[in-house]
Amino acid sequence: MSGDEPSPSRLAYLSLMREVEDLYYEEADLLDERRYEAWLELFAADAIYWMPMRKNVPWEERDRDITAEDDVSWIQDDKETLEKRVRQLLTGIHWAEEPLSRVSHLVTNVRLAAPADRLDEGASMNVKTRFFVYRNRLETETDVLVGRREDVLRRVDGRLKIARRKIIIEQSVLMAKNLTVFL
Amino acid sequence: MRSLNGSARALVDAVSGEISREIYVNEDIYREEQERLFARAWLYIGHEDQVRNPGDYCLTKMGEESVILTRDRAGQVHAFLNSCRHRGMKVCRYDDGNTRAFICPYHAWTYDLDGRLIGVQDYENSYRPPFDRAKWGLVEVAQLAIFRGTIWATWDKGAPSFDDFLGEAKFALELGLCPWDGGNGATELLGSTQKWIVPCNWKFIAENFAGDALHVVSHRSVDMVGIGPTKGPGRRDDYGKPHLAAYPGGHGVNYGVTPPVKERRNYAASPATSAYFQSCWEKRLARLGDKAGIVPLIGTIFPNMSFHLQQPRTILVSHPRGPCETEMWRVYLVDKDAPDEVKSFLRSYYIRYSGPAGMTEQDDMENWSYATQASRGTIARRLTYHYKAGLGTEAGTSDLIPGGVTERNTSEQNPRALYRRWAEYMDADDWSALR
């Protein structure tokens with residue numbers, strides 16, 4: 001192999017990165033096209049979906065500006081609760097999302113934790129992303145939700161599944177009146 | 001500023017159950033509320049768990065204003081206006097922590113934990129004659145009270161004691177803030193405070209919790225899906241027969257009453273939690289007797305502290321930010337002695353129910369927001385809101401529950417009592433006219 005060609009491990013990394021990016025772009029489409037039941041399929045059966053809160057703390061205590069797992073959070077769901085949220089949306093009388101909001105998910109800055117050239121069946125991998133989510137509802141009500149996600153992806157039956165998601169929003173006082181949009 | 005000049009009662013017709021929409025959307029009335037209500041009433045400002053040790057502090061709010069809650073070296077709890085006496089800067093901008101003093105980041109005026117001004121830049125040389133630093137400490141609330149862990153304060157020296165302010169509504173807080181075994185142990189905060197902004201008038205929230213049992217359709221979707229701990233449909237425990245109780249202080253509570261036969265909390269989703277409640281029951285029955293089956297399901301302590309005090313168990317404060325904007329602060333409570341597994345289970349249930357992502361509360365906020373918005377127009381604000389349900393049936397008495405009690409669940413007597421009191425505050429020049 002000449003020195004100019006990517007190494008097999010580099011190609012494997014690029015291939016895995018594309019697979020991960022495809023997962024996130026598919027996820028964004030499923031949510032924004034309101035295909036919520038299909039979106040649920042992206043999560044492992046034992047998935048955790050956790051959105052801690054943020055705090056204003058002194059510099060030397062900056063590590064606790066994200067609330068801990070045993071603290072109150074915005075959301076701490078298992079897959080069963082995620083399914084309930086979707087079922088609530090599908091009732092057609094969940095007034096907070098009836099009529100539905102218009103939402104666009106932009107997912108960027110995808111970073112795979114090393115080593116990231118393969119993910120075998122049953123194995124897991126940490127992936128970081130950023131999200132920029134625009135929500136507009138009824139006439140002029142608008143929320144912009146921006147932050148970071150730290151996912152654990154696991155290969156299940158050949159496909160990537162989200163086994164754990166930590167959502168770190170960049171607001172302490174939440175400026176949206178509710179959180180009915182999946183992040 | 002336009003003054004209501006004693007005319008608030010004309011906007012609140014509690015007898016026929018009609019209330020002017022102006023009180024929800026009018027900027028002048030809102031400003032007057034800050035003066036006559038929020039600067040005067042006792043307000044919930046926090047919980048002892050937030051300031052357990054000397055030097056512990058957290059930020060809280062009273063009306064629109066930022067307030068520091070702290071405990072000094074002698075163990076005394078204080079609440080101070082969070083504004084430097086020199087040039088107004090917030091002397092504390094951290095949500096919580098522990099400190100030896102509050103040092104203003106603007107010109108370094110430094111305040112001790114008890115509020116005394118202990119440091120002024122170049123004090124010896126720049127101030128001749130020296131000014132009296134004792135007169136320039138942080139501004140402290142006029143009165144502070146601690147009740148079963150909850151901390152309350154008022155800016156008004158003339159306000160009655162917290163006990164008098166609460167009146168017979170104390171029954172609800174005593175019952176709801178004691179551990180599930182009915183004893184004198186502690187309930188504790190589950191952790192940090194949820195804070196979020198809702199574009200609605202704060203009174204929508206206060207009246208909703210005071211006892212609006214009519215808004216069933218708001219929550220039909222979550223009831224269909226079922227988020228309660230029993231795994232069936234619905235969103236919370238069966239609370240038995242509702243008893244709405246209104247109090248002259250403006251407080252309103254909806255109590256659930258079941259015969260004190262056995263512990264009814266049996267949670268398919270958590271055997272450990274069921275076992276915990278079962279273990280509390282015999283003690284609860286022995287201590288509370290006939291009252292063991294009473295739970296303060298939901299309520300509002302006037303003006304803006306609201307609660308659920310069964311399962312879920314949580315305190316919500318509706319901090320006004322303008323006639324059409326409110327900052328909701330919510331904390332969650334659990335028995336201190338409950339096993340960690342129980343606390344963990346209840347925490348996830350509580351936030352599945354309440355808060356901005358709570359599958360119940362989400363729909364409330366949609367209703368409050370657009371009710372506020374649709375009342376702002378020139379034509380809309382000429383109208384009144386309708387609070388006539390249960391007129392003529394209110395103010396009975398009960399052997400079990402103090403206050404003006406009705407078992408007619410659909411009555412709007414509690415919001416009527418809340419607004420009657422609101423008008424009294426707005427028309428009164430001081431506490432002597434409010435007692």
# chains A, B, ... in the order shown; residues from 1 in each chain; ligands from 1

call {"tool": "select_by_dssp", "arguments": {"residues": "chain A", "states": "strand (DSSP E or B)", "output": "compact mmCIF listing (two decimals) with N, CA, C and O atoms, in the first residue's frame"}}
result
# COMPACT_ATOMS: atom_id res chain seq x y z
N PHE A 43 -33.73 3.04 19.83
CA PHE A 43 -33.24 2.89 21.19
C PHE A 43 -33.19 1.42 21.61
O PHE A 43 -34.09 0.63 21.27
N ALA A 44 -32.15 1.06 22.35
CA ALA A 44 -32.05 -0.29 22.90
C ALA A 44 -33.15 -0.48 23.95
O ALA A 44 -33.67 0.49 24.52
N ALA A 45 -33.51 -1.71 24.21
CA ALA A 45 -34.61 -2.01 25.14
C ALA A 45 -34.32 -1.48 26.54
O ALA A 45 -35.23 -1.09 27.27
N ASP A 46 -33.04 -1.44 26.91
CA ASP A 46 -32.68 -0.98 28.26
C ASP A 46 -32.17 0.46 28.24
O ASP A 46 -31.41 0.88 29.13
N ALA A 47 -32.59 1.22 27.26
CA ALA A 47 -32.04 2.57 27.07
C ALA A 47 -32.37 3.49 28.25
O ALA A 47 -33.41 3.38 28.88
N ILE A 48 -31.45 4.40 28.51
CA ILE A 48 -31.64 5.47 29.49
C ILE A 48 -31.56 6.80 28.73
O ILE A 48 -30.65 7.00 27.92
N TYR A 49 -32.50 7.68 29.01
CA TYR A 49 -32.57 8.97 28.33
C TYR A 49 -32.63 10.02 29.44
O TYR A 49 -33.62 10.16 30.14
N TRP A 50 -31.52 10.71 29.61
CA TRP A 50 -31.34 11.54 30.82
C TRP A 50 -30.94 12.96 30.43
O TRP A 50 -30.02 13.17 29.65
N MET A 51 -31.65 13.92 30.98
CA MET A 51 -31.35 15.33 30.71
C MET A 51 -31.16 16.04 32.05
O MET A 51 -32.14 16.46 32.68
N ARG A 54 -28.68 22.40 34.71
CA ARG A 54 -27.43 23.14 34.81
C ARG A 54 -27.52 24.14 35.95
O ARG A 54 -28.61 24.61 36.29
N ILE A 66 -23.38 20.57 36.20
CA ILE A 66 -24.36 19.64 35.64
C ILE A 66 -24.85 18.78 36.80
O ILE A 66 -24.04 18.20 37.52
N ILE A 75 -35.29 15.41 32.75
CA ILE A 75 -35.88 14.15 32.27
C ILE A 75 -34.97 13.00 32.71
O ILE A 75 -33.74 13.11 32.62
N GLN A 76 -35.60 11.92 33.19
CA GLN A 76 -34.84 10.72 33.49
C GLN A 76 -35.72 9.54 33.10
O GLN A 76 -36.48 9.01 33.90
N ASP A 77 -35.65 9.16 31.83
CA ASP A 77 -36.59 8.17 31.29
C ASP A 77 -35.90 6.86 30.98
O ASP A 77 -34.73 6.83 30.59
N ASP A 78 -36.66 5.78 31.13
CA ASP A 78 -36.27 4.52 30.51
C ASP A 78 -37.07 4.40 29.21
O ASP A 78 -37.84 5.29 28.86
N ARG A 102 -43.61 22.81 14.93
CA ARG A 102 -42.69 22.59 13.80
C ARG A 102 -41.27 22.57 14.38
O ARG A 102 -40.89 23.49 15.10
N VAL A 103 -40.55 21.49 14.07
CA VAL A 103 -39.25 21.28 14.71
C VAL A 103 -38.20 20.88 13.68
O VAL A 103 -38.47 20.08 12.79
N SER A 104 -37.00 21.48 13.80
CA SER A 104 -35.85 21.00 13.04
C SER A 104 -34.70 20.68 13.98
O SER A 104 -34.33 21.52 14.81
N HIS A 105 -34.18 19.48 13.84
CA HIS A 105 -33.01 19.06 14.61
C HIS A 105 -31.77 19.16 13.72
O HIS A 105 -31.71 18.53 12.67
N LEU A 106 -30.80 19.94 14.16
CA LEU A 106 -29.49 19.95 13.50
C LEU A 106 -28.52 19.26 14.44
O LEU A 106 -28.39 19.66 15.61
N VAL A 107 -27.87 18.22 13.95
CA VAL A 107 -26.94 17.44 14.78
C VAL A 107 -25.57 17.51 14.14
O VAL A 107 -25.41 17.20 12.96
N THR A 108 -24.59 17.97 14.91
CA THR A 108 -23.25 18.20 14.34
C THR A 108 -22.17 17.78 15.33
O THR A 108 -22.46 17.25 16.39
N ASN A 109 -20.90 18.07 14.94
CA ASN A 109 -19.73 17.84 15.80
C ASN A 109 -19.68 16.41 16.33
O ASN A 109 -19.50 16.18 17.51
N VAL A 110 -19.88 15.47 15.42
CA VAL A 110 -19.90 14.06 15.84
C VAL A 110 -18.48 13.62 16.17
O VAL A 110 -17.56 13.78 15.37
N ARG A 111 -18.29 13.08 17.35
CA ARG A 111 -16.96 12.64 17.80
C ARG A 111 -17.08 11.24 18.39
O ARG A 111 -17.85 11.03 19.34
N LEU A 112 -16.32 10.32 17.82
CA LEU A 112 -16.32 8.95 18.34
C LEU A 112 -15.19 8.80 19.34
O LEU A 112 -14.08 9.25 19.10
N SER A 124 -20.20 -1.61 22.85
CA SER A 124 -20.69 -0.24 22.99
C SER A 124 -19.59 0.77 22.73
O SER A 124 -18.40 0.45 22.85
N MET A 125 -19.99 1.97 22.42
CA MET A 125 -19.04 3.02 22.11
C MET A 125 -19.63 4.37 22.54
O MET A 125 -20.82 4.61 22.39
N ASN A 126 -18.78 5.24 23.07
CA ASN A 126 -19.24 6.59 23.44
C ASN A 126 -19.13 7.52 22.25
O ASN A 126 -18.11 7.54 21.56
N VAL A 127 -20.19 8.31 22.05
CA VAL A 127 -20.21 9.27 20.95
C VAL A 127 -20.72 10.60 21.48
O VAL A 127 -21.74 10.66 22.18
N LYS A 128 -20.00 11.67 21.13
CA LYS A 128 -20.46 13.01 21.50
C LYS A 128 -20.99 13.74 20.28
O LYS A 128 -20.41 13.61 19.19
N THR A 129 -22.05 14.52 20.47
CA THR A 129 -22.57 15.37 19.39
C THR A 129 -23.02 16.70 19.98
O THR A 129 -23.11 16.85 21.20
N ARG A 130 -23.31 17.66 19.09
CA ARG A 130 -24.01 18.88 19.48
C ARG A 130 -25.37 18.86 18.81
O ARG A 130 -25.51 18.29 17.72
N PHE A 131 -26.31 19.51 19.48
CA PHE A 131 -27.61 19.65 18.82
C PHE A 131 -28.02 21.12 18.82
O PHE A 131 -27.68 21.89 19.73
N PHE A 132 -28.71 21.48 17.75
CA PHE A 132 -29.34 22.80 17.66
C PHE A 132 -30.76 22.51 17.20
O PHE A 132 -30.98 22.02 16.11
N VAL A 133 -31.72 22.75 18.11
CA VAL A 133 -33.09 22.37 17.81
C VAL A 133 -33.96 23.61 17.80
O VAL A 133 -34.00 24.36 18.78
N TYR A 134 -34.61 23.84 16.68
CA TYR A 134 -35.51 24.97 16.51
C TYR A 134 -36.93 24.46 16.62
O TYR A 134 -37.30 23.49 15.96
N ARG A 135 -37.72 25.11 17.48
CA ARG A 135 -39.12 24.72 17.63
C ARG A 135 -39.99 25.97 17.47
O ARG A 135 -39.72 27.00 18.09
N ASN A 136 -41.00 25.85 16.65
CA ASN A 136 -41.93 26.95 16.47
C ASN A 136 -43.33 26.38 16.54
O ASN A 136 -43.62 25.33 15.97
N ARG A 137 -44.20 27.04 17.35
CA ARG A 137 -45.54 26.46 17.46
C ARG A 137 -46.61 27.54 17.39
O ARG A 137 -46.36 28.71 17.71
N GLU A 141 -44.70 31.43 18.80
CA GLU A 141 -43.96 30.86 19.92
C GLU A 141 -42.74 30.10 19.39
O GLU A 141 -42.87 29.17 18.60
N THR A 142 -41.56 30.50 19.85
CA THR A 142 -40.33 29.93 19.31
C THR A 142 -39.36 29.59 20.43
O THR A 142 -39.13 30.39 21.33
N ASP A 143 -38.80 28.41 20.37
CA ASP A 143 -37.74 28.02 21.30
C ASP A 143 -36.54 27.56 20.49
O ASP A 143 -36.68 26.90 19.47
N VAL A 144 -35.36 27.93 20.99
CA VAL A 144 -34.12 27.41 20.43
C VAL A 144 -33.42 26.66 21.55
O VAL A 144 -33.09 27.24 22.59
N LEU A 145 -33.24 25.38 21.36
CA LEU A 145 -32.63 24.54 22.38
C LEU A 145 -31.28 24.06 21.83
O LEU A 145 -31.23 23.42 20.77
N VAL A 146 -30.21 24.43 22.54
CA VAL A 146 -28.87 24.13 22.06
C VAL A 146 -28.10 23.42 23.15
O VAL A 146 -28.20 23.79 24.33
N GLY A 147 -27.31 22.43 22.75
CA GLY A 147 -26.49 21.77 23.77
C GLY A 147 -25.69 20.61 23.22
O GLY A 147 -25.48 20.50 22.01
N ARG A 148 -25.26 19.79 24.16
CA ARG A 148 -24.40 18.66 23.83
C ARG A 148 -25.10 17.36 24.18
O ARG A 148 -25.91 17.33 25.10
N ARG A 149 -24.77 16.32 23.46
CA ARG A 149 -25.26 14.99 23.82
C ARG A 149 -24.07 14.06 23.99
O ARG A 149 -23.10 14.13 23.25
N GLU A 150 -24.18 13.21 24.99
CA GLU A 150 -23.19 12.15 25.17
C GLU A 150 -23.94 10.83 25.13
O GLU A 150 -24.70 10.51 26.04
N ASP A 151 -23.76 10.13 24.03
CA ASP A 151 -24.49 8.88 23.82
C ASP A 151 -23.59 7.69 24.06
O ASP A 151 -22.37 7.76 23.88
N VAL A 152 -24.20 6.58 24.42
CA VAL A 152 -23.56 5.28 24.31
C VAL A 152 -24.32 4.52 23.23
O VAL A 152 -25.54 4.35 23.33
N LEU A 153 -23.60 4.15 22.16
CA LEU A 153 -24.21 3.37 21.08
C LEU A 153 -23.79 1.91 21.23
O LEU A 153 -22.65 1.62 21.62
N ARG A 154 -24.72 1.03 20.92
CA ARG A 154 -24.43 -0.40 21.04
C ARG A 154 -24.89 -1.08 19.75
O ARG A 154 -25.91 -0.70 19.19
N ARG A 155 -24.10 -2.07 19.29
CA ARG A 155 -24.54 -2.79 18.10
C ARG A 155 -25.43 -3.95 18.51
O ARG A 155 -25.03 -4.79 19.31
N VAL A 156 -26.68 -3.91 18.01
CA VAL A 156 -27.66 -4.94 18.34
C VAL A 156 -28.21 -5.50 17.03
O VAL A 156 -28.75 -4.74 16.22
N ARG A 159 -27.27 -3.61 13.93
CA ARG A 159 -27.58 -2.18 13.80
C ARG A 159 -27.13 -1.39 15.03
O ARG A 159 -27.10 -1.94 16.14
N LEU A 160 -26.84 -0.13 14.81
CA LEU A 160 -26.49 0.72 15.95
C LEU A 160 -27.77 1.12 16.70
O LEU A 160 -28.76 1.54 16.08
N LYS A 161 -27.73 0.98 18.02
CA LYS A 161 -28.86 1.41 18.86
C LYS A 161 -28.34 2.39 19.92
O LYS A 161 -27.19 2.28 20.36
N ILE A 162 -29.21 3.29 20.32
CA ILE A 162 -28.84 4.23 21.38
C ILE A 162 -29.14 3.54 22.71
O ILE A 162 -30.29 3.25 23.03
N ALA A 163 -28.09 3.28 23.46
CA ALA A 163 -28.25 2.58 24.74
C ALA A 163 -28.35 3.56 25.90
O ALA A 163 -28.91 3.24 26.95
N ARG A 164 -27.76 4.72 25.71
CA ARG A 164 -27.80 5.73 26.77
C ARG A 164 -27.63 7.09 26.13
O ARG A 164 -26.79 7.24 25.22
N ARG A 165 -28.39 8.05 26.59
CA ARG A 165 -28.23 9.41 26.08
C ARG A 165 -28.25 10.38 27.25
O ARG A 165 -29.17 10.36 28.07
N LYS A 166 -27.21 11.21 27.32
CA LYS A 166 -27.15 12.30 28.29
C LYS A 166 -27.23 13.60 27.51
O LYS A 166 -26.44 13.83 26.59
N ILE A 167 -28.22 14.43 27.84
CA ILE A 167 -28.47 15.67 27.11
C ILE A 167 -28.08 16.84 28.00
O ILE A 167 -28.66 17.02 29.07
N ILE A 168 -27.11 17.62 27.56
CA ILE A 168 -26.60 18.73 28.37
C ILE A 168 -27.01 20.03 27.70
O ILE A 168 -26.40 20.47 26.73
N ILE A 169 -28.08 20.62 28.19
CA ILE A 169 -28.58 21.84 27.56
C ILE A 169 -27.84 23.05 28.13
O ILE A 169 -27.45 23.06 29.30
N LEU A 174 -34.62 27.19 32.42
CA LEU A 174 -35.09 26.78 31.10
C LEU A 174 -35.99 27.87 30.53
O LEU A 174 -36.95 28.29 31.19

call {"tool": "interface_residues", "arguments": {"of": "chain B", "to": "chain A", "cutoff": "10 Å", "atoms": "only C-alpha atoms", "output": "PyMOL selection string"}}
result
chain B and resi 93-98+189-200+217-227+326-329+331-332+340+343-344+347-352+354-367+369

call {"tool": "residues_around", "arguments": {"residues": "region 395-410 of chain B", "least_positions_apart": "5", "cutoff": "10 Å", "atoms": "only C-alpha atoms", "output": "MDAnalysis selection string"}}
result
chainID B and resid 167:172 211:215 241:248 251:257 290:291 294 389:390 417
